[in-house]
file my_file26.pdb (PDB, C-alpha atoms)
ATOM      1  CA  MET A   1       7.133  12.521  -3.401
ATOM      2  CA  THR A   2       5.622  14.004  -0.256
ATOM      3  CA  GLN A   3       7.872  16.076   1.956
ATOM      4  CA  VAL A   4       8.223  14.735   5.501
ATOM      5  CA  LEU A   5       8.023  17.628   7.956
ATOM      6  CA  SER A   6       6.999  15.610  10.990
ATOM      7  CA  PHE A   7       6.889  12.001  12.101
ATOM      8  CA  ARG A   8       3.119  12.333  11.619
ATOM      9  CA  ASP A   9       3.790  12.508   7.861
ATOM     10  CA  LEU A  10       5.470   9.078   7.842
ATOM     11  CA  GLU A  11       3.300   6.260   6.505
ATOM     12  CA  VAL A  12       5.093   3.797   8.777
ATOM     13  CA  TRP A  13       4.127   5.870  11.831
ATOM     14  CA  LYS A  14       0.496   5.992  10.667
ATOM     15  CA  ARG A  15       0.451   2.229  10.096
ATOM     16  CA  ALA A  16       2.083   1.641  13.498
ATOM     17  CA  MET A  17      -0.649   3.771  15.087
ATOM     18  CA  ASP A  18      -3.232   1.550  13.342
ATOM     19  CA  LEU A  19      -1.472  -1.448  14.882
ATOM     20  CA  VAL A  20      -1.830   0.058  18.365
ATOM     21  CA  VAL A  21      -5.560   0.615  17.862
ATOM     22  CA  LYS A  22      -6.006  -2.955  16.605
ATOM     23  CA  VAL A  23      -4.047  -4.417  19.515
ATOM     24  CA  TYR A  24      -6.129  -2.463  22.019
ATOM     25  CA  GLY A  25      -9.271  -3.609  20.205
ATOM     26  CA  VAL A  26      -8.486  -7.312  20.440
ATOM     27  CA  THR A  27      -6.949  -7.310  23.915
ATOM     28  CA  VAL A  28     -10.093  -5.858  25.457
ATOM     29  CA  ARG A  29     -11.621  -9.304  24.823
ATOM     30  CA  PHE A  30      -8.815 -11.244  26.543
ATOM     31  CA  PRO A  31      -9.599 -12.866  29.901
ATOM     32  CA  ALA A  32      -9.608 -10.535  32.911
ATOM     33  CA  GLU A  33      -6.766 -12.481  34.543
ATOM     34  CA  GLU A  34      -4.498 -11.419  31.645
ATOM     35  CA  ARG A  35      -5.058  -7.699  32.301
ATOM     36  CA  PHE A  36      -1.720  -7.274  34.076
ATOM     37  CA  GLY A  37       0.035 -10.000  32.107
ATOM     38  CA  LEU A  38      -0.246 -10.557  28.387
ATOM     39  CA  VAL A  39      -2.608  -7.621  27.776
ATOM     40  CA  ALA A  40      -0.280  -5.094  29.413
ATOM     41  CA  GLN A  41       2.803  -6.575  27.742
ATOM     42  CA  LEU A  42       1.204  -6.625  24.293
ATOM     43  CA  ARG A  43      -0.117  -3.091  24.580
ATOM     44  CA  ARG A  44       3.246  -1.764  25.799
ATOM     45  CA  ALA A  45       5.084  -3.417  22.915
ATOM     46  CA  ALA A  46       2.573  -2.086  20.375
ATOM     47  CA  VAL A  47       2.738   1.466  21.775
ATOM     48  CA  SER A  48       6.527   1.288  21.645
ATOM     49  CA  VAL A  49       6.523   0.990  17.849
ATOM     50  CA  PRO A  50       5.112   4.413  16.842
ATOM     51  CA  SER A  51       6.639   6.003  19.938
ATOM     52  CA  ASN A  52      10.161   5.014  18.880
ATOM     53  CA  ILE A  53       9.533   6.074  15.290
ATOM     54  CA  ALA A  54       8.454   9.497  16.563
ATOM     55  CA  GLU A  55      11.290   9.835  19.067
ATOM     56  CA  GLY A  56      13.941   8.821  16.563
ATOM     57  CA  HIS A  57      12.602  11.223  13.951
ATOM     58  CA  ALA A  58      12.540  14.065  16.475
ATOM     59  CA  ARG A  59      16.111  13.489  17.668
ATOM     60  CA  GLY A  60      17.624  15.085  14.602
ATOM     61  CA  SER A  61      20.575  12.746  14.092
ATOM     62  CA  ARG A  62      20.598   9.834  11.657
ATOM     63  CA  GLY A  63      22.356   7.643  14.192
ATOM     64  CA  ASP A  64      19.678   8.237  16.810
ATOM     65  CA  TYR A  65      16.978   7.797  14.191
ATOM     66  CA  ARG A  66      18.411   4.443  13.071
ATOM     67  CA  HIS A  67      18.733   3.339  16.694
ATOM     68  CA  HIS A  68      15.101   4.133  17.472
ATOM     69  CA  LEU A  69      13.902   2.486  14.265
ATOM     70  CA  SER A  70      15.823  -0.604  15.364
ATOM     71  CA  ILE A  71      14.053  -0.517  18.730
ATOM     72  CA  ALA A  72      10.721  -0.156  16.900
ATOM     73  CA  GLN A  73      11.593  -3.245  14.821
ATOM     74  CA  GLY A  74      12.330  -5.147  18.010
ATOM     75  CA  SER A  75       8.988  -4.081  19.434
ATOM     76  CA  VAL A  76       7.217  -5.347  16.310
ATOM     77  CA  ALA A  77       8.899  -8.722  16.889
ATOM     78  CA  GLU A  78       7.655  -8.652  20.488
ATOM     79  CA  VAL A  79       4.116  -7.954  19.289
ATOM     80  CA  VAL A  80       4.302 -10.827  16.792
ATOM     81  CA  THR A  81       5.534 -13.208  19.502
ATOM     82  CA  GLN A  82       2.913 -12.121  22.020
ATOM     83  CA  LEU A  83       0.143 -12.418  19.443
ATOM     84  CA  GLU A  84       1.303 -15.959  18.716
ATOM     85  CA  ILE A  85       1.159 -16.733  22.443
ATOM     86  CA  ALA A  86      -2.369 -15.280  22.560
ATOM     87  CA  ARG A  87      -3.352 -17.446  19.594
ATOM     88  CA  LEU A  88      -1.916 -20.580  21.186
ATOM     89  CA  LEU A  89      -3.828 -19.819  24.393
ATOM     90  CA  GLY A  90      -7.058 -19.395  22.439
ATOM     91  CA  TYR A  91      -7.443 -15.669  23.173
ATOM     92  CA  LEU A  92      -7.210 -14.550  19.543
ATOM     93  CA  SER A  93      -9.587 -15.489  16.750
ATOM     94  CA  ALA A  94      -8.184 -16.653  13.429
ATOM     95  CA  GLN A  95      -9.629 -13.566  11.714
ATOM     96  CA  ASP A  96      -8.102 -11.155  14.243
ATOM     97  CA  GLY A  97      -4.826 -13.055  14.039
ATOM     98  CA  ARG A  98      -4.678 -12.707  10.244
ATOM     99  CA  GLY A  99      -5.487  -8.994  10.378
ATOM    100  CA  LEU A 100      -2.852  -8.321  13.005
ATOM    101  CA  ALA A 101      -0.285 -10.468  11.204
ATOM    102  CA  SER A 102      -0.828  -8.459   8.038
ATOM    103  CA  CYS A 103      -0.455  -5.203   9.950
ATOM    104  CA  THR A 104       2.707  -6.280  11.784
ATOM    105  CA  ASP A 105       4.221  -7.566   8.521
ATOM    106  CA  ASP A 106       3.517  -4.239   6.824
ATOM    107  CA  VAL A 107       5.028  -2.223   9.664
ATOM    108  CA  ALA A 108       8.105  -4.461   9.830
ATOM    109  CA  LYS A 109       8.696  -4.142   6.073
ATOM    110  CA  MET A 110       8.206  -0.384   6.163
ATOM    111  CA  LEU A 111      10.624  -0.007   9.076
ATOM    112  CA  HIS A 112      13.201  -2.114   7.263
ATOM    113  CA  GLY A 113      12.779  -0.011   4.134
ATOM    114  CA  LEU A 114      13.055   3.245   6.032
ATOM    115  CA  ARG A 115      16.243   2.134   7.790
ATOM    116  CA  ARG A 116      17.769   1.108   4.440
ATOM    117  CA  ALA A 117      16.740   4.411   2.834
ATOM    118  CA  LEU A 118      18.471   6.555   5.464
ATOM    119  CA  PRO A 119      21.825   7.749   4.204
ATOM    120  CA  PRO A 120      24.799   6.481   6.206
ATOM    121  CA  ASN A 121      26.168   8.635   8.987
ATOM    122  CA  PRO A 122      28.723  11.173   7.784
TER     123      PRO A 122
END

call {"tool": "encode", "arguments": {"input": "my_file26.pdb", "output": "structure tokens"}}
result
Amino acid sequence: MTQVLSFRDLEVWKRAMDLVVKVYGVTVRFPAEERFGLVAQLRRAAVSVPSNIAEGHARGSRGDYRHHLSIAQGSVAEVVTQLEIARLLGYLSAQDGRGLASCTDDVAKMLHGLRRALPPNP
């Protein structure tokens, strides 16, 4: 088992960073009128996922860590919802939608597993 010295060592953080890159990649093709709407909202939610993983890990307390992982899980749900809206509006191709769905599912499962693996607060 690999020792985790930094949030950068966490596979869930790495996968969440991949999600951010993918979201930025697809949203660049959204209509210009969505720049300050769905694009901004989707990007903010995606960026929130690895940011909260990192912040929670850096806080040093299990309670804070759990709290920030919970926020990250909520942000994943936001991303999923916003991607579904983009799909319904015809802004997202089926291929991009499948790739992003797979990525969000992976991150959500990893976050759930990490929260369950944390020992309870003393």

call {"tool": "closest_residue", "arguments": {"input": "my_file26.pdb", "among": "A:Tyr65, A:Leu100, A:Leu83, A:Val12", "to": "Val39 of chain A", "atoms": "all atoms listed in the file"}}
result
A:Leu83

call {"tool": "atom_distance", "arguments": {"input": "my_file26.pdb", "atom1": "atom CA of Asp105 of chain A", "atom2": "atom CA of Ile53 of chain A"}}
result
16.1 Å

call {"tool": "closest_residue", "arguments": {"input": "my_file26.pdb", "among": "A:Leu42, A:Ala32, A:Val21, A:Leu10", "to": "Leu111 of chain A", "atoms": "all atoms listed in the file"}}
result
A:Leu10

call {"tool": "residues_around", "arguments": {"input": "my_file26.pdb", "residues": "Ser102 of chain A", "least_positions_apart": "2", "cutoff": "12 Å", "atoms": "all atoms listed in the file", "output": "ChimeraX atom specification"}}
result
/A:15-16,18-19,22,76,80,95-100,104-109

call {"tool": "atom_distance", "arguments": {"input": "my_file26.pdb", "atom1": "atom CA of Leu5 of chain A", "atom2": "atom CA of Gly56 of chain A"}}
result
13.7 Å

call {"tool": "resolve_selection", "arguments": {"input": "my_file26.pdb", "expression": "the PyMOL selection byres ((chain A and resi 49) around 9)", "output": "JSON, numbers by chain"}}
result
{"A": [13, 16, 17, 19, 20, 45, 46, 47, 48, 50, 51, 52, 53, 54, 69, 71, 72, 73, 74, 75, 76, 107]}

call {"tool": "resolve_selection", "arguments": {"input": "my_file26.pdb", "expression": "the PyMOL selection byres ((chain A and resi 87-91) around 9)", "output": "ChimeraX atom specification"}}
result
/A:26-27,29-31,82-86,92-94,97

call {"tool": "atom_distance", "arguments": {"input": "my_file26.pdb", "atom1": "atom CA of Met110 of chain A", "atom2": "atom CA of Val23 of chain A"}}
result
18.6 Å

call {"tool": "axis_aligned_box", "arguments": {"input": "my_file26.pdb", "around": "segment 86-98 of chain A", "padding_each_side": "3 Å", "output": "lines of an AutoDock Vina configuration file"}}
result
center_x = -5.8
center_y = -15.9
center_z = 17.3
size_x = 13.7
size_y = 15.4
size_z = 20.1

call {"tool": "closest_residue", "arguments": {"input": "my_file26.pdb", "among": "A:Ala77, A:Cys103, A:Glu33, A:Arg66", "to": "Leu118 of chain A", "atoms": "all atoms listed in the file"}}
result
A:Arg66

call {"tool": "closest_residue", "arguments": {"input": "my_file26.pdb", "among": "A:Lys14, A:Arg116, A:Arg43, A:Arg35", "to": "Arg62 of chain A", "atoms": "all atoms listed in the file"}}
result
A:Arg116

call {"tool": "closest_residue", "arguments": {"input": "my_file26.pdb", "among": "A:Gly60, A:Gly37, A:His68, A:Arg44", "to": "Leu114 of chain A", "atoms": "all atoms listed in the file"}}
result
A:His68

call {"tool": "build_atoms", "arguments": {"input": "my_file26.pdb", "residues": "segment 66-89 of chain A", "atoms": "N, CA and C atoms", "output": "compact mmCIF listing (two decimals), keeping the file's coordinate frame"}}
result
# COMPACT_ATOMS: atom_id res chain seq x y z
N ARG A 66 18.21 5.87 13.36
CA ARG A 66 18.41 4.44 13.07
C ARG A 66 18.24 3.59 14.33
N HIS A 67 18.81 4.07 15.43
CA HIS A 67 18.73 3.34 16.69
C HIS A 67 17.27 3.16 17.12
N HIS A 68 16.50 4.22 17.05
CA HIS A 68 15.10 4.13 17.47
C HIS A 68 14.26 3.31 16.49
N LEU A 69 14.60 3.35 15.22
CA LEU A 69 13.90 2.49 14.26
C LEU A 69 14.21 1.02 14.55
N SER A 70 15.44 0.75 14.99
CA SER A 70 15.82 -0.60 15.36
C SER A 70 15.02 -1.06 16.59
N ILE A 71 14.87 -0.19 17.55
CA ILE A 71 14.05 -0.52 18.73
C ILE A 71 12.61 -0.78 18.30
N ALA A 72 12.09 0.04 17.40
CA ALA A 72 10.72 -0.16 16.90
C ALA A 72 10.59 -1.52 16.23
N GLN A 73 11.62 -1.92 15.46
CA GLN A 73 11.59 -3.24 14.82
C GLN A 73 11.57 -4.35 15.87
N GLY A 74 12.34 -4.18 16.92
CA GLY A 74 12.33 -5.15 18.01
C GLY A 74 10.97 -5.23 18.67
N SER A 75 10.32 -4.10 18.83
CA SER A 75 8.99 -4.08 19.43
C SER A 75 7.97 -4.77 18.54
N VAL A 76 8.10 -4.63 17.23
CA VAL A 76 7.22 -5.35 16.31
C VAL A 76 7.39 -6.85 16.51
N ALA A 77 8.64 -7.30 16.66
CA ALA A 77 8.90 -8.72 16.89
C ALA A 77 8.28 -9.18 18.21
N GLU A 78 8.32 -8.33 19.22
CA GLU A 78 7.66 -8.65 20.49
C GLU A 78 6.16 -8.82 20.28
N VAL A 79 5.55 -7.88 19.55
CA VAL A 79 4.12 -7.95 19.29
C VAL A 79 3.78 -9.26 18.57
N VAL A 80 4.54 -9.60 17.55
CA VAL A 80 4.30 -10.83 16.79
C VAL A 80 4.36 -12.04 17.72
N THR A 81 5.37 -12.09 18.57
CA THR A 81 5.53 -13.21 19.50
C THR A 81 4.38 -13.28 20.49
N GLN A 82 3.99 -12.15 21.04
CA GLN A 82 2.91 -12.12 22.02
C GLN A 82 1.57 -12.45 21.39
N LEU A 83 1.37 -12.05 20.15
CA LEU A 83 0.14 -12.42 19.44
C LEU A 83 0.10 -13.92 19.19
N GLU A 84 1.24 -14.51 18.91
CA GLU A 84 1.30 -15.96 18.72
C GLU A 84 0.98 -16.68 20.03
N ILE A 85 1.49 -16.16 21.13
CA ILE A 85 1.16 -16.73 22.44
C ILE A 85 -0.35 -16.63 22.68
N ALA A 86 -0.92 -15.47 22.39
CA ALA A 86 -2.37 -15.28 22.56
C ALA A 86 -3.16 -16.26 21.69
N ARG A 87 -2.68 -16.49 20.49
CA ARG A 87 -3.35 -17.45 19.59
C ARG A 87 -3.28 -18.86 20.16
N LEU A 88 -2.10 -19.24 20.62
CA LEU A 88 -1.92 -20.58 21.19
C LEU A 88 -2.78 -20.80 22.43
N LEU A 89 -3.00 -19.73 23.18
CA LEU A 89 -3.83 -19.82 24.39
C LEU A 89 -5.33 -19.71 24.09
